[in-house]
Every structure is written in C-alpha cells, then in structure tokens.
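Structure file coords_3.pdb; described as PDB, N, CA and C atoms.
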```pdb
ATOM      1  N   MET M   1     -17.772 -16.282  49.969
ATOM      2  CA  MET M   1     -18.042 -15.773  48.657
ATOM      3  C   MET M   1     -19.518 -15.986  48.384
ATOM      4  N   SER M   2     -20.142 -15.013  47.755
ATOM      5  CA  SER M   2     -21.542 -15.176  47.361
ATOM      6  C   SER M   2     -21.812 -14.393  46.082
ATOM      7  N   PHE M   3     -22.870 -14.801  45.389
ATOM      8  CA  PHE M   3     -23.313 -14.093  44.188
ATOM      9  C   PHE M   3     -24.753 -14.507  43.915
ATOM     10  N   LYS M   4     -25.401 -13.733  43.060
ATOM     11  CA  LYS M   4     -26.757 -14.053  42.613
ATOM     12  C   LYS M   4     -26.686 -14.464  41.148
ATOM     13  N   TYR M   5     -27.572 -15.371  40.752
ATOM     14  CA  TYR M   5     -27.609 -15.806  39.356
ATOM     15  C   TYR M   5     -29.050 -16.078  38.924
ATOM     16  N   SER M   6     -29.265 -15.963  37.627
ATOM     17  CA  SER M   6     -30.578 -16.241  37.048
ATOM     18  C   SER M   6     -30.425 -16.519  35.557
ATOM     19  N   CYS M   7     -31.326 -17.330  35.036
ATOM     20  CA  CYS M   7     -31.412 -17.487  33.589
ATOM     21  C   CYS M   7     -32.093 -16.227  33.043
ATOM     22  N   ARG M   8     -31.628 -15.749  31.907
ATOM     23  CA  ARG M   8     -32.256 -14.575  31.290
ATOM     24  C   ARG M   8     -33.717 -14.879  30.947
ATOM     25  N   PRO M   9     -34.605 -13.924  31.163
ATOM     26  CA  PRO M   9     -36.016 -14.155  30.825
ATOM     27  C   PRO M   9     -36.184 -14.540  29.353
ATOM     28  N   ASN M  10     -37.043 -15.502  29.108
ATOM     29  CA  ASN M  10     -37.391 -15.959  27.762
ATOM     30  C   ASN M  10     -36.222 -16.578  26.992
ATOM     31  N   VAL M  11     -35.208 -17.075  27.720
ATOM     32  CA  VAL M  11     -34.072 -17.755  27.101
ATOM     33  C   VAL M  11     -34.122 -19.218  27.539
ATOM     34  N   ALA M  12     -33.810 -20.130  26.634
ATOM     35  CA  ALA M  12     -33.814 -21.559  26.953
ATOM     36  C   ALA M  12     -32.825 -21.849  28.080
ATOM     37  N   PHE M  13     -33.206 -22.723  28.992
ATOM     38  CA  PHE M  13     -32.344 -23.050  30.129
ATOM     39  C   PHE M  13     -30.990 -23.589  29.676
ATOM     40  N   GLN M  14     -30.941 -24.299  28.555
ATOM     41  CA  GLN M  14     -29.678 -24.840  28.034
ATOM     42  C   GLN M  14     -28.687 -23.717  27.709
ATOM     43  N   SER M  15     -29.170 -22.513  27.448
ATOM     44  CA  SER M  15     -28.301 -21.364  27.172
ATOM     45  C   SER M  15     -27.772 -20.728  28.446
ATOM     46  N   CYS M  16     -28.319 -21.101  29.602
ATOM     47  CA  CYS M  16     -27.986 -20.443  30.870
ATOM     48  C   CYS M  16     -27.135 -21.303  31.800
ATOM     49  N   LEU M  17     -26.501 -22.322  31.279
ATOM     50  CA  LEU M  17     -25.647 -23.167  32.116
ATOM     51  C   LEU M  17     -24.322 -22.456  32.376
ATOM     52  N   GLY M  18     -23.747 -22.695  33.545
ATOM     53  CA  GLY M  18     -22.479 -22.052  33.864
ATOM     54  C   GLY M  18     -21.700 -22.817  34.907
ATOM     55  N   GLU M  19     -20.451 -22.453  35.052
ATOM     56  CA  GLU M  19     -19.575 -23.020  36.072
ATOM     57  C   GLU M  19     -18.890 -21.891  36.809
ATOM     58  N   VAL M  20     -18.673 -22.094  38.094
ATOM     59  CA  VAL M  20     -17.952 -21.127  38.918
ATOM     60  C   VAL M  20     -16.645 -21.795  39.321
ATOM     61  N   LEU M  21     -15.535 -21.124  39.027
ATOM     62  CA  LEU M  21     -14.225 -21.671  39.351
ATOM     63  C   LEU M  21     -13.521 -20.788  40.374
ATOM     64  N   TRP M  22     -12.960 -21.427  41.378
ATOM     65  CA  TRP M  22     -12.134 -20.739  42.377
ATOM     66  C   TRP M  22     -10.743 -21.340  42.240
ATOM     67  N   ASN M  23      -9.760 -20.503  41.867
ATOM     68  CA  ASN M  23      -8.388 -20.969  41.634
ATOM     69  C   ASN M  23      -8.364 -22.173  40.690
ATOM     70  N   ASN M  24      -9.123 -22.039  39.599
ATOM     71  CA  ASN M  24      -9.185 -23.024  38.508
ATOM     72  C   ASN M  24      -9.824 -24.360  38.883
ATOM     73  N   VAL M  25     -10.565 -24.408  39.974
ATOM     74  CA  VAL M  25     -11.297 -25.610  40.385
ATOM     75  C   VAL M  25     -12.791 -25.281  40.360
ATOM     76  N   ILE M  26     -13.589 -26.135  39.711
ATOM     77  CA  ILE M  26     -15.038 -25.917  39.659
ATOM     78  C   ILE M  26     -15.620 -26.124  41.051
ATOM     79  N   ILE M  27     -16.260 -25.058  41.581
ATOM     80  CA  ILE M  27     -16.887 -25.153  42.902
ATOM     81  C   ILE M  27     -18.412 -25.142  42.810
ATOM     82  N   LYS M  28     -18.941 -24.823  41.620
ATOM     83  CA  LYS M  28     -20.401 -24.810  41.444
ATOM     84  C   LYS M  28     -20.717 -24.946  39.958
ATOM     85  N   THR M  29     -21.619 -25.855  39.653
ATOM     86  CA  THR M  29     -22.184 -25.950  38.313
ATOM     87  C   THR M  29     -23.597 -25.399  38.409
ATOM     88  N   ILE M  30     -23.898 -24.426  37.560
ATOM     89  CA  ILE M  30     -25.201 -23.759  37.609
ATOM     90  C   ILE M  30     -26.069 -24.282  36.474
ATOM     91  N   MET M  31     -27.255 -24.807  36.846
ATOM     92  CA  MET M  31     -28.211 -25.322  35.880
ATOM     93  C   MET M  31     -29.604 -24.814  36.255
ATOM     94  N   PRO M  32     -29.923 -23.555  35.898
ATOM     95  CA  PRO M  32     -31.223 -22.993  36.291
ATOM     96  C   PRO M  32     -32.400 -23.773  35.691
ATOM     97  N   ASN M  33     -33.506 -23.785  36.438
ATOM     98  CA  ASN M  33     -34.739 -24.368  35.922
ATOM     99  C   ASN M  33     -35.911 -23.409  36.132
ATOM    100  N   ASP M  34     -35.560 -22.119  36.363
ATOM    101  CA  ASP M  34     -36.566 -21.060  36.450
ATOM    102  C   ASP M  34     -35.871 -19.736  36.106
ATOM    103  N   TYR M  35     -36.607 -18.647  36.185
ATOM    104  CA  TYR M  35     -36.067 -17.333  35.802
ATOM    105  C   TYR M  35     -35.955 -16.403  37.011
ATOM    106  N   ILE M  36     -35.874 -16.970  38.180
ATOM    107  CA  ILE M  36     -35.785 -16.207  39.430
ATOM    108  C   ILE M  36     -34.314 -16.087  39.826
ATOM    109  N   PHE M  37     -33.930 -14.938  40.412
ATOM    110  CA  PHE M  37     -32.569 -14.792  40.925
ATOM    111  C   PHE M  37     -32.407 -15.646  42.186
ATOM    112  N   HIS M  38     -31.341 -16.426  42.225
ATOM    113  CA  HIS M  38     -30.999 -17.259  43.373
ATOM    114  C   HIS M  38     -29.664 -16.784  43.929
ATOM    115  N   THR M  39     -29.462 -16.945  45.231
ATOM    116  CA  THR M  39     -28.190 -16.581  45.857
ATOM    117  C   THR M  39     -27.420 -17.855  46.184
ATOM    118  N   PHE M  40     -26.148 -17.861  45.821
ATOM    119  CA  PHE M  40     -25.263 -18.974  46.146
ATOM    120  C   PHE M  40     -24.156 -18.444  47.042
ATOM    121  N   SER M  41     -23.898 -19.145  48.146
ATOM    122  CA  SER M  41     -22.832 -18.761  49.079
ATOM    123  C   SER M  41     -22.002 -19.991  49.412
ATOM    124  N   ILE M  42     -20.703 -19.786  49.541
ATOM    125  CA  ILE M  42     -19.797 -20.875  49.883
ATOM    126  C   ILE M  42     -18.552 -20.291  50.547
ATOM    127  N   LYS M  43     -17.976 -21.042  51.487
ATOM    128  CA  LYS M  43     -16.694 -20.637  52.070
ATOM    129  C   LYS M  43     -15.593 -21.166  51.170
ATOM    130  N   VAL M  44     -14.646 -20.296  50.826
ATOM    131  CA  VAL M  44     -13.493 -20.699  50.020
ATOM    132  C   VAL M  44     -12.224 -20.350  50.794
ATOM    133  N   ALA M  45     -11.186 -21.102  50.552
ATOM    134  CA  ALA M  45      -9.893 -20.839  51.193
ATOM    135  C   ALA M  45      -8.985 -20.157  50.185
ATOM    136  N   SER M  46      -8.393 -19.048  50.597
ATOM    137  CA  SER M  46      -7.490 -18.341  49.697
ATOM    138  C   SER M  46      -6.071 -18.877  49.853
ATOM    139  N   LEU M  47      -5.309 -18.728  48.776
ATOM    140  CA  LEU M  47      -3.912 -19.108  48.763
ATOM    141  C   LEU M  47      -3.072 -17.864  49.026
ATOM    142  N   VAL M  48      -1.833 -18.047  49.410
ATOM    143  CA  VAL M  48      -0.921 -16.911  49.542
ATOM    144  C   VAL M  48      -0.708 -16.346  48.141
ATOM    145  N   GLY M  49      -0.823 -15.039  47.987
ATOM    146  CA  GLY M  49      -0.660 -14.403  46.677
ATOM    147  C   GLY M  49      -1.991 -14.208  45.989
ATOM    148  N   LYS M  50      -1.996 -14.340  44.667
ATOM    149  CA  LYS M  50      -3.212 -14.120  43.880
ATOM    150  C   LYS M  50      -4.146 -15.312  43.935
ATOM    151  N   ASN M  51      -5.432 -14.998  43.941
ATOM    152  CA  ASN M  51      -6.490 -15.994  43.839
ATOM    153  C   ASN M  51      -7.412 -15.553  42.711
ATOM    154  N   SER M  52      -8.094 -16.511  42.084
ATOM    155  CA  SER M  52      -8.966 -16.121  40.982
ATOM    156  C   SER M  52     -10.359 -16.728  41.137
ATOM    157  N   LEU M  53     -11.330 -15.939  40.724
ATOM    158  CA  LEU M  53     -12.728 -16.335  40.678
ATOM    159  C   LEU M  53     -13.187 -16.128  39.242
ATOM    160  N   GLN M  54     -13.734 -17.190  38.625
ATOM    161  CA  GLN M  54     -14.177 -17.108  37.238
ATOM    162  C   GLN M  54     -15.598 -17.631  37.104
ATOM    163  N   PHE M  55     -16.355 -16.999  36.216
ATOM    164  CA  PHE M  55     -17.676 -17.463  35.832
ATOM    165  C   PHE M  55     -17.571 -17.832  34.352
ATOM    166  N   VAL M  56     -17.854 -19.087  34.036
ATOM    167  CA  VAL M  56     -17.653 -19.595  32.685
ATOM    168  C   VAL M  56     -18.972 -20.128  32.141
ATOM    169  N   GLY M  57     -19.322 -19.694  30.941
ATOM    170  CA  GLY M  57     -20.508 -20.221  30.284
ATOM    171  C   GLY M  57     -20.297 -21.673  29.905
ATOM    172  N   ALA M  58     -21.301 -22.525  30.142
ATOM    173  CA  ALA M  58     -21.159 -23.951  29.860
ATOM    174  C   ALA M  58     -22.308 -24.478  28.997
ATOM    175  N   GLY M  59     -23.226 -23.622  28.637
ATOM    176  CA  GLY M  59     -24.391 -24.064  27.871
ATOM    177  C   GLY M  59     -24.214 -23.815  26.393
ATOM    178  N   THR M  60     -25.329 -23.756  25.707
ATOM    179  CA  THR M  60     -25.340 -23.492  24.279
ATOM    180  C   THR M  60     -24.657 -22.151  23.999
ATOM    181  N   SER M  61     -23.754 -22.132  23.033
ATOM    182  CA  SER M  61     -23.036 -20.905  22.688
ATOM    183  C   SER M  61     -23.884 -20.076  21.722
ATOM    184  N   ASP M  62     -24.758 -19.218  22.293
ATOM    185  CA  ASP M  62     -25.664 -18.423  21.465
ATOM    186  C   ASP M  62     -25.707 -16.954  21.879
ATOM    187  N   SER M  63     -24.758 -16.523  22.677
ATOM    188  CA  SER M  63     -24.560 -15.144  23.148
ATOM    189  C   SER M  63     -25.567 -14.684  24.199
ATOM    190  N   TYR M  64     -26.423 -15.564  24.695
ATOM    191  CA  TYR M  64     -27.371 -15.167  25.736
ATOM    192  C   TYR M  64     -26.770 -15.378  27.115
ATOM    193  N   GLY M  65     -26.651 -16.587  27.541
ATOM    194  CA  GLY M  65     -25.975 -16.916  28.784
ATOM    195  C   GLY M  65     -26.725 -16.563  30.056
ATOM    196  N   LEU M  66     -26.016 -16.750  31.150
ATOM    197  CA  LEU M  66     -26.498 -16.619  32.508
ATOM    198  C   LEU M  66     -26.322 -15.185  33.006
ATOM    199  N   LEU M  67     -27.221 -14.713  33.854
ATOM    200  CA  LEU M  67     -27.057 -13.414  34.506
ATOM    201  C   LEU M  67     -26.390 -13.633  35.863
ATOM    202  N   ILE M  68     -25.350 -12.852  36.157
ATOM    203  CA  ILE M  68     -24.622 -12.902  37.432
ATOM    204  C   ILE M  68     -24.668 -11.501  38.028
ATOM    205  N   ASP M  69     -24.917 -11.403  39.351
ATOM    206  CA  ASP M  69     -25.013 -10.094  40.000
ATOM    207  C   ASP M  69     -24.524 -10.200  41.445
ATOM    208  N   ASP M  70     -24.184  -9.071  42.038
ATOM    209  CA  ASP M  70     -23.831  -8.950  43.460
ATOM    210  C   ASP M  70     -22.751  -9.926  43.905
ATOM    211  N   VAL M  71     -21.652  -9.988  43.152
ATOM    212  CA  VAL M  71     -20.534 -10.859  43.525
ATOM    213  C   VAL M  71     -19.829 -10.254  44.728
ATOM    214  N   SER M  72     -19.590 -11.088  45.734
ATOM    215  CA  SER M  72     -19.007 -10.611  46.979
ATOM    216  C   SER M  72     -18.043 -11.649  47.537
ATOM    217  N   LEU M  73     -16.881 -11.174  47.985
ATOM    218  CA  LEU M  73     -15.897 -12.030  48.642
ATOM    219  C   LEU M  73     -15.499 -11.302  49.918
ATOM    220  N   VAL M  74     -15.799 -11.917  51.055
ATOM    221  CA  VAL M  74     -15.623 -11.251  52.351
ATOM    222  C   VAL M  74     -14.776 -12.139  53.262
ATOM    223  N   ARG M  75     -13.735 -11.553  53.866
ATOM    224  CA  ARG M  75     -12.921 -12.309  54.826
ATOM    225  C   ARG M  75     -13.741 -12.629  56.062
ATOM    226  N   ASP M  76     -13.493 -13.819  56.645
ATOM    227  CA  ASP M  76     -14.149 -14.187  57.901
ATOM    228  C   ASP M  76     -13.961 -13.096  58.943
ATOM    229  N   GLY M  77     -15.029 -12.754  59.631
ATOM    230  CA  GLY M  77     -14.956 -11.766  60.701
ATOM    231  C   GLY M  77     -15.009 -10.325  60.243
ATOM    232  N   THR M  78     -15.197 -10.086  58.922
ATOM    233  CA  THR M  78     -15.291  -8.718  58.405
ATOM    234  C   THR M  78     -16.560  -8.588  57.566
ATOM    235  N   THR M  79     -16.813  -7.395  57.073
ATOM    236  CA  THR M  79     -17.965  -7.163  56.202
ATOM    237  C   THR M  79     -17.584  -6.507  54.880
ATOM    238  N   ALA M  80     -16.295  -6.202  54.688
ATOM    239  CA  ALA M  80     -15.849  -5.506  53.471
ATOM    240  C   ALA M  80     -15.696  -6.482  52.301
ATOM    241  N   ASN M  81     -16.278  -6.116  51.167
ATOM    242  CA  ASN M  81     -16.138  -6.915  49.942
ATOM    243  C   ASN M  81     -14.744  -6.670  49.373
ATOM    244  N   ILE M  82     -13.958  -7.746  49.155
ATOM    245  CA  ILE M  82     -12.588  -7.582  48.673
ATOM    246  C   ILE M  82     -12.439  -7.984  47.201
ATOM    247  N   VAL M  83     -13.548  -8.108  46.482
ATOM    248  CA  VAL M  83     -13.475  -8.445  45.055
ATOM    249  C   VAL M  83     -12.846  -7.275  44.304
ATOM    250  N   ILE M  84     -11.884  -7.597  43.465
ATOM    251  CA  ILE M  84     -11.284  -6.601  42.568
ATOM    252  C   ILE M  84     -11.747  -6.968  41.163
ATOM    253  N   ASN M  85     -12.562  -6.103  40.563
ATOM    254  CA  ASN M  85     -13.131  -6.411  39.255
ATOM    255  C   ASN M  85     -12.047  -6.618  38.215
ATOM    256  N   GLY M  86     -12.263  -7.646  37.399
ATOM    257  CA  GLY M  86     -11.409  -7.873  36.244
ATOM    258  C   GLY M  86     -12.033  -7.142  35.076
ATOM    259  N   ASN M  87     -12.873  -7.807  34.329
ATOM    260  CA  ASN M  87     -13.528  -7.208  33.173
ATOM    261  C   ASN M  87     -15.007  -7.530  33.177
ATOM    262  N   PHE M  88     -15.717  -7.131  34.224
ATOM    263  CA  PHE M  88     -17.156  -7.384  34.281
ATOM    264  C   PHE M  88     -17.838  -6.436  33.324
TER
END
```

Translate this file's structure into structure tokens.
Amino acid sequence: MSFKYSCRPNVAFQSCLGEVLWNNVIIKTIMPNDYIFHTFSIKVASLVGKNSLQFVGAGTSDSYGLLIDDVSLVRDGTTANIVINGNF
C-alpha cells in the first residue's frame, strides 16, 4: 500500500495531523513539518473477506486538514491497483 501526503500550503502543521488505519489498526501517524508531498509505503496483510483503509484527521478541527493523493494497494507480484473508492 502506498500514498502521498502533504500539509496544505499556508496551513498550520497542527491542522495537518492524521492517522492511517488498516482494518481499524493505526499503521501510520502523520505529523508533517513541511509543505512538500511525501510518499509512504508499507506492506499490509489482508484478511479473508473485506478489508478497510481509512485516513482520519487527528489535528485541529478547522476544516483544513491533510492532503492525500495517489492511494494505491497492489497485491504482491502484480502491478494493478485494487483500491475500491469509498467516498473520496
């Protein structure tokens, strides 16, 4: 699984905190300290049946938040993105 993230330009870093959850377990806490897009990649294990990936705002609740882009989930040995969009 991989994605890109960045704090919105000219927004306080405290507004851009976030958490990434895989099957309701936090796998990454995002705390930007610049305004550059960074790529995060990690191997995750899927369960039989449905699996979930969530991006949750964790900073100041002021409607700004973190920018997330290029979300990708790829099975080992393949190149096809298997993400099924929820409500992006």

Resolved residues for the PyMOL selection byres ((chain M and resi 31) around 6.5) as a ChimeraX atom specification: /M:16-18,29-30,32-33

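Atom CA of M:Asp76 lies 11.0 Å from atom C of M:Ala45.
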
Neighbour list for stretch 65-70 of chain M as a PyMOL selection string, cut-off 10 Å, only C-alpha atoms, skip fewer than 5 positions in-chain: chain M and resi 2-9+11-18+30-32+35+37-39+55-60+88

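Each of M:Gln54, M:Ser41, M:Ile82, M:Val48 was compared to M:Glu19 using only N, CA and C atoms, and M:Gln54 turns out to be the nearest.
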
Distance in Å - atom C of M:Asn81 versus atom C of M:Ile36: 23.7 Å

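Put simply, atom CA of M:Met1 is 24.8 Å away from atom CA of M:Tyr64.
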
Any chance you could resolve the PyMOL selection byres (((chain M and resi 83 and name CA) around 10) and name CA) against this file and give the residues as a PDB file with N, CA and C atoms, in the frame of the given file?
```pdb
ATOM      1  N   MET M   1     -17.772 -16.282  49.969  1.00  0.00           N
ATOM      2  CA  MET M   1     -18.042 -15.773  48.657  1.00  0.00           C
ATOM      3  C   MET M   1     -19.518 -15.986  48.384  1.00  0.00           C
ATOM      4  N   SER M  52      -8.094 -16.511  42.084  1.00  0.00           N
ATOM      5  CA  SER M  52      -8.966 -16.121  40.982  1.00  0.00           C
ATOM      6  C   SER M  52     -10.359 -16.728  41.137  1.00  0.00           C
ATOM      7  N   LEU M  53     -11.330 -15.939  40.724  1.00  0.00           N
ATOM      8  CA  LEU M  53     -12.728 -16.335  40.678  1.00  0.00           C
ATOM      9  C   LEU M  53     -13.187 -16.128  39.242  1.00  0.00           C
ATOM     10  N   VAL M  71     -21.652  -9.988  43.152  1.00  0.00           N
ATOM     11  CA  VAL M  71     -20.534 -10.859  43.525  1.00  0.00           C
ATOM     12  C   VAL M  71     -19.829 -10.254  44.728  1.00  0.00           C
ATOM     13  N   SER M  72     -19.590 -11.088  45.734  1.00  0.00           N
ATOM     14  CA  SER M  72     -19.007 -10.611  46.979  1.00  0.00           C
ATOM     15  C   SER M  72     -18.043 -11.649  47.537  1.00  0.00           C
ATOM     16  N   LEU M  73     -16.881 -11.174  47.985  1.00  0.00           N
ATOM     17  CA  LEU M  73     -15.897 -12.030  48.642  1.00  0.00           C
ATOM     18  C   LEU M  73     -15.499 -11.302  49.918  1.00  0.00           C
ATOM     19  N   VAL M  74     -15.799 -11.917  51.055  1.00  0.00           N
ATOM     20  CA  VAL M  74     -15.623 -11.251  52.351  1.00  0.00           C
ATOM     21  C   VAL M  74     -14.776 -12.139  53.262  1.00  0.00           C
ATOM     22  N   ALA M  80     -16.295  -6.202  54.688  1.00  0.00           N
ATOM     23  CA  ALA M  80     -15.849  -5.506  53.471  1.00  0.00           C
ATOM     24  C   ALA M  80     -15.696  -6.482  52.301  1.00  0.00           C
ATOM     25  N   ASN M  81     -16.278  -6.116  51.167  1.00  0.00           N
ATOM     26  CA  ASN M  81     -16.138  -6.915  49.942  1.00  0.00           C
ATOM     27  C   ASN M  81     -14.744  -6.670  49.373  1.00  0.00           C
ATOM     28  N   ILE M  82     -13.958  -7.746  49.155  1.00  0.00           N
ATOM     29  CA  ILE M  82     -12.588  -7.582  48.673  1.00  0.00           C
ATOM     30  C   ILE M  82     -12.439  -7.984  47.201  1.00  0.00           C
ATOM     31  N   ILE M  84     -11.884  -7.597  43.465  1.00  0.00           N
ATOM     32  CA  ILE M  84     -11.284  -6.601  42.568  1.00  0.00           C
ATOM     33  C   ILE M  84     -11.747  -6.968  41.163  1.00  0.00           C
ATOM     34  N   ASN M  85     -12.562  -6.103  40.563  1.00  0.00           N
ATOM     35  CA  ASN M  85     -13.131  -6.411  39.255  1.00  0.00           C
ATOM     36  C   ASN M  85     -12.047  -6.618  38.215  1.00  0.00           C
ATOM     37  N   GLY M  86     -12.263  -7.646  37.399  1.00  0.00           N
ATOM     38  CA  GLY M  86     -11.409  -7.873  36.244  1.00  0.00           C
ATOM     39  C   GLY M  86     -12.033  -7.142  35.076  1.00  0.00           C
TER      40      GLY M  86
END
```

Members of chain M assigned helix (DSSP H, G or I) by DSSP, as a list in words: Phe13, Gln14, Ser15 and Cys16 of chain M

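Residues within 7 Å of stretch 49-51 of chain M, counting only N, CA and C atoms and excluding same-chain residues fewer than 3 positions away, are Trp22, Asn23 and Ser46 of chain M.
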
DSSP-assigned strand (DSSP E or B) among chain M, expressed as a ChimeraX atom specification: /M:2-7,18-22,25-30,38-41,53-57,66-72,74,81

Build an axis-aligned box that encloses every atom of stretch 48-55 of chain M listed in the file, pad it by 5 Å on each side, and report its centre and edge lengths in Å to one decimal, as lines of an AutoDock Vina configuration file.
```
center_x = -9.2
center_y = -16.1
center_z = 41.9
size_x = 27.0
size_y = 13.9
size_z = 25.2
```
